[in-house]
Amino acid sequence: MPKIGMEPQRRAALVQATIGEIGAAGSLQVTVGQIARRAGVSSALAHHYFGGKAQILSAAMRHILSEYSAEVRAALAAAKTPQDRLRAIIAANFAESCFEADVISAWLNFYVLAQRDPEAGRLLRIYQGRLRSNLTHALRVHMARPEPAAEVLGALIDGMYLRAALGGAGFEQGAAEQVMACADALIRGQT
């Protein structure tokens with residue numbers, strides 16, 4: 001007989017197990033069976049909750065994006081000035097939580113998955129749109145047309161994240177400052 005109320009815990013365990021398995025494999029070449037084993041549930045239960053591997057992968061990315069979003073919101077809550085707001089958005093993209101080994105592996109594989117999976121592509125567009133929107137809002141007080149600068153900074157953030165993720169420990173510590181220096185240069189160029 002199923003235990004009532006266990007579904008949220010099991011779903012969360014499967015999501016964490018998915019991130020862990022992707023991290024261990026370094027790719028999306030993991031099976032639902034491996035994920036279920038790591039989560040301590042049966043493959044049948046994993047399929048019951050999510051339907052299949054693609055849905056579990058999407059749930060894992062939604063979880064990572066949710067944690068990232070919480071990081072951004074927390075950083076923005078502490079921002080007092082427009083400059084602080086811009087700095088908070090940039091810094092949140094290089095937070096320590098973004099550089100856990102399993103999370104890095106999940107992000108890198110998520111970019112690949114987004115090229116062929118419609119749901120992953122949709123999630124990637126949502127992430128990119130929110131980043132662009134946050135940057136545009138933060139830049140609005142500094143320039144008349146903030147959209148092009150927000151686009152450049154968004155691409156720079158993603159590129160610096162990829163370099164930091166692939167470059168090993170420590171690189172991410174200077175990445176936020178480098179992106180902020182570019183933001184300052186873009187702002188100065190507008191005035």
# chains A, B, ... in the order shown; residues from 1 in each chain; ligands from 1
$ closest_atom_pairs --of "range 54-97 of chain A" --to "range 172-186 of chain A" --cutoff "10 Å" --atoms "only C-alpha atoms" --output "CSV"
residue,atom,partner,partner_atom,distance
A:Gln83,CA,A:Asp184,CA,9.3
A:Leu86,CA,A:Met180,CA,8.1
A:Arg87,CA,A:Met180,CA,6.6
A:Ala88,CA,A:Ala176,CA,9.6
A:Ile89,CA,A:Ala176,CA,9.6
A:Ile90,CA,A:Ala176,CA,6.0
A:Ala91,CA,A:Ala176,CA,5.4
A:Ala92,CA,A:Ala176,CA,8.6
A:Asn93,CA,A:Ala176,CA,7.8
A:Phe94,CA,A:Glu172,CA,6.1
A:Ala95,CA,A:Glu172,CA,8.3
A:Glu96,CA,A:Glu172,CA,8.6
$ residues_around --residues "Arg125 in chain A" --least-positions-apart "4" --cutoff "12 Å" --atoms "only C-alpha atoms" --output "list of chain:residue names"
A:Leu65, A:Phe110, A:Tyr111, A:Ala114, A:Gln115, A:Pro118, A:Glu119, A:Ala120, A:Gly121, A:Gly129, A:Arg130, A:Leu131, A:Arg132, A:Ser133
$ residues_around --residues "Gly23 in chain A" --least-positions-apart "6" --cutoff "9 Å" --atoms "only C-alpha atoms" --output "list in words"
Ala101, Asp102, Val103, Ile104, Ser105 and Ala106 of chain A
$ write_last_selection --atoms "N, CA and C atoms" --output "PDB file, in the first residue's frame"
ATOM      1  N   ALA A 101      29.801  20.798  -8.489  1.00  0.00           N
ATOM      2  CA  ALA A 101      30.180  19.951  -9.626  1.00  0.00           C
ATOM      3  C   ALA A 101      28.964  19.359 -10.355  1.00  0.00           C
ATOM      4  N   ASP A 102      27.995  18.843  -9.619  1.00  0.00           N
ATOM      5  CA  ASP A 102      26.823  18.244 -10.252  1.00  0.00           C
ATOM      6  C   ASP A 102      25.986  19.290 -10.983  1.00  0.00           C
ATOM      7  N   VAL A 103      25.907  20.483 -10.409  1.00  0.00           N
ATOM      8  CA  VAL A 103      25.132  21.567 -11.028  1.00  0.00           C
ATOM      9  C   VAL A 103      25.811  22.018 -12.320  1.00  0.00           C
ATOM     10  N   ILE A 104      27.127  22.140 -12.294  1.00  0.00           N
ATOM     11  CA  ILE A 104      27.859  22.498 -13.520  1.00  0.00           C
ATOM     12  C   ILE A 104      27.575  21.474 -14.608  1.00  0.00           C
ATOM     13  N   SER A 105      27.693  20.208 -14.276  1.00  0.00           N
ATOM     14  CA  SER A 105      27.452  19.152 -15.259  1.00  0.00           C
ATOM     15  C   SER A 105      26.025  19.230 -15.797  1.00  0.00           C
ATOM     16  N   ALA A 106      25.065  19.466 -14.917  1.00  0.00           N
ATOM     17  CA  ALA A 106      23.672  19.571 -15.346  1.00  0.00           C
ATOM     18  C   ALA A 106      23.488  20.763 -16.293  1.00  0.00           C
TER      19      ALA A 106
END
$ select_by_dssp --residues "range 8-182 of chain A" --states "alpha helix (DSSP H)" --output "ChimeraX atom specification"
/A:8-25,32-39,43-50,53-77,82-92,101-113,118-139,146-167,172-182
$ atom_distance --atom1 "CA of Tyr127 in chain A" --atom2 "CA of Ser69 in chain A"
9.0 Å
$ atom_distance --atom1 "CA of Ile187 in chain A" --atom2 "CA of Ile157 in chain A"
16.4 Å
$ closest_residue --among "A:Met160, A:Cys98, A:Ser27, A:Gly33" --to "Ala70 in chain A" --atoms "only C-alpha atoms"
A:Cys98
$ atom_distance --atom1 "CA of Lys53 in chain A" --atom2 "CA of Val32 in chain A"
5.9 Å
$ closest_residue --among "A:Leu139, A:Leu124, A:Ala25, A:Ala13" --to "Arg38 in chain A" --atoms "only C-alpha atoms"
A:Ala13
$ closest_residue --among "A:Leu156, A:Ser42, A:Ala59, A:Pro82" --to "Met143 in chain A" --atoms "only C-alpha atoms"
A:Pro82
